[in-house]
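As provided, target.txt (compact mmCIF, C-alpha atoms) reads as follows.
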# COMPACT_ATOMS: atom_id res chain seq x y z
CA MET A 1083 9.55 -1.36 10.99
CA ASP A 1084 12.96 -2.85 10.54
CA PRO A 1085 13.46 -4.66 7.20
CA ALA A 1086 15.93 -6.96 9.01
CA THR A 1087 13.04 -8.52 10.96
CA MET A 1088 11.12 -9.50 7.82
CA GLU A 1089 10.53 -13.14 7.03
CA GLY A 1090 10.73 -15.09 3.75
CA ASP A 1091 8.66 -13.53 0.99
CA GLU A 1092 7.46 -10.53 3.01
CA ILE A 1093 7.40 -6.98 1.75
CA GLN A 1094 6.46 -3.87 3.70
CA LEU A 1095 4.42 -0.90 2.56
CA LEU A 1096 4.39 2.40 4.43
CA VAL A 1097 1.47 4.64 3.44
CA ARG A 1098 1.60 8.32 4.42
CA ASN A 1099 -1.78 10.00 3.96
CA LEU A 1100 -1.47 13.80 3.79
CA ASN A 1101 -5.21 14.19 3.05
CA PHE A 1102 -7.91 14.86 5.61
CA ASN A 1103 -9.99 11.89 4.34
CA GLN A 1104 -9.28 8.36 5.48
CA VAL A 1105 -8.32 5.90 2.74
CA THR A 1106 -8.51 2.15 2.29
CA VAL A 1107 -5.53 0.56 0.55
CA TYR A 1108 -5.70 -2.58 -1.62
CA THR A 1109 -3.34 -4.55 -3.81
CA ALA A 1110 -4.69 -4.85 -7.34
CA ARG A 1111 -3.80 -7.42 -9.98
CA GLY A 1112 -6.21 -7.68 -12.89
CA ALA A 1113 -9.66 -8.36 -11.43
CA SER A 1114 -8.17 -9.57 -8.14
CA VAL A 1115 -8.09 -7.13 -5.20
CA ARG A 1116 -6.83 -7.69 -1.66
CA ARG A 1117 -7.62 -5.26 1.14
CA LEU A 1118 -4.57 -4.26 3.17
CA GLY A 1119 -6.22 -1.84 5.58
CA ILE A 1120 -7.23 1.70 6.46
CA VAL A 1121 -5.02 4.76 6.81
CA PRO A 1122 -6.56 7.67 8.75
CA GLY A 1123 -6.58 11.21 7.42
CA LYS A 1124 -3.29 12.99 8.15
CA GLY A 1125 -1.90 9.65 9.33
CA GLU A 1126 0.23 6.72 8.28
CA ALA A 1127 0.20 2.94 8.47
CA THR A 1128 2.64 0.15 7.68
CA PHE A 1129 1.42 -3.07 6.11
CA ARG A 1130 3.40 -6.33 5.94
CA MET A 1131 2.44 -9.04 3.48
CA ASN A 1132 3.78 -12.12 1.80
CA TRP A 1133 4.30 -11.34 -1.87
CA HIS A 1134 5.38 -13.87 -4.48
CA LEU A 1135 4.82 -11.86 -7.68
CA PRO A 1136 7.41 -9.79 -9.60
CA ASP A 1137 5.39 -6.56 -9.43
CA ILE A 1138 2.69 -4.79 -7.44
CA GLN A 1139 -0.03 -2.25 -8.11
CA LEU A 1140 -1.98 -0.50 -5.36
CA ARG A 1141 -5.55 0.77 -5.34
CA VAL A 1142 -6.47 3.59 -2.97
CA LYS A 1143 -10.10 4.40 -2.15
CA GLU A 1144 -10.88 7.65 -0.35
CA LEU A 1145 -13.74 7.68 2.12
CA ALA A 1146 -16.58 9.47 0.30
CA GLY A 1147 -14.22 10.19 -2.57
CA ASP A 1148 -12.41 8.88 -5.60
CA ASP A 1149 -10.31 5.80 -5.99
CA TYR A 1150 -7.15 5.53 -8.02
CA LEU A 1151 -4.43 3.08 -9.03
CA THR A 1152 -0.69 3.44 -8.73
CA GLU A 1153 1.65 2.51 -11.53
CA THR A 1154 2.78 -1.11 -11.52
CA LEU A 1155 6.08 -1.32 -9.66
CA PRO A 1156 8.70 -4.09 -9.62
CA VAL A 1157 9.02 -5.70 -6.19
CA SER A 1158 11.12 -8.44 -4.59
CA PRO A 1159 10.91 -10.21 -1.22
CA GLY A 1160 12.39 -8.00 1.49
CA ASP A 1161 11.51 -4.74 -0.27
CA PHE A 1162 10.22 -1.73 1.67
CA LEU A 1163 7.84 0.48 -0.32
CA GLU A 1164 6.55 3.93 0.59
CA LEU A 1165 3.39 5.48 -0.84
CA ILE A 1166 2.77 9.16 -0.14
CA LEU A 1167 -0.76 10.39 -0.80
CA PRO A 1168 -0.51 14.15 -1.44
CA ILE A 1169 -3.07 16.73 -0.38
CA ARG A 1170 -5.88 16.87 -2.94
Conversion result in structure tokens:
Amino acid sequence: MDPATMEGDEIQLLVRNLNFNQVTVYTARGASVRRLGIVPGKGEATFRMNWHLPDIQLRVKELAGDDYLTETLPVSPGDFLELILPIR
């Protein structure tokens, strides 16, 4: 996706899943979680969302597996983030 086509407070997140298991990706902020979508095993997906906060943390839940949190990252409107899930 082209960052030049983004609107207002949007950010984009590209998730590359190198695992065989599908994962579900969420944003996480305290007790609040928002489901972004599913990324198939050995696949990738791009998510676009409006984001008004100064940072972001992601939660990844493997199908029939573990879940984990990323570090909290600073983010601004128009940013393009990439999350690579290594083979486990």
Using only C-alpha atoms, the residue out of A:Gly1123, A:Pro1159, A:Gly1112, A:Gly1147 with shortest distance to Leu1135 in chain A is A:Pro1159
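Between CA of Trp1133 in chain A and CA of Glu1164 in chain A the separation is 15.6 Å.
Atom pair CA of Val1115 in chain A / CA of Ile1169 in chain A has a distance of 24.9 Å (rounded to one decimal).
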Taking (-4.7, -3.8, -5.2) in the file's coordinates as the center, which residues reach within 7 Å of it, counting only C-alpha atoms, put as an MDAnalysis selection string?
chainID A and resid 1108:1111 1115:1116 1139:1141
Tell me which protein, DNA and RNA residues are within 6 Å of range 1092-1105 of chain A, counting only C-alpha atoms, leaving out same-chain ones fewer than 2 positions away, and put them as a PyMOL selection string.
chain A and resi 1089-1090+1120-1133+1143-1145+1159-1169
So how far away is CA of Val1142 in chain A from CA of Leu1155 in chain A, in Å?
15.0 Å
Check the smallest atom-to-atom distance from each of A:Leu1151, A:Pro1136, A:Val1157, A:Asp1091 to Val1107 in chain A using all atoms listed in the file, then report the winner.
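Among the listed residues, A:Leu1151 lies closest to Val1107 in chain A.
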Please give the centre and size of the box around range 1090-1094 of chain A (axis-aligned, containing every atom listed in the file, 6 Å added per side), with values in Å to one decimal and written as AutoDock Vina command-line options.
--center_x 8.6 --center_y -9.5 --center_z 2.4 --size_x 16.3 --size_y 23.2 --size_z 14.8
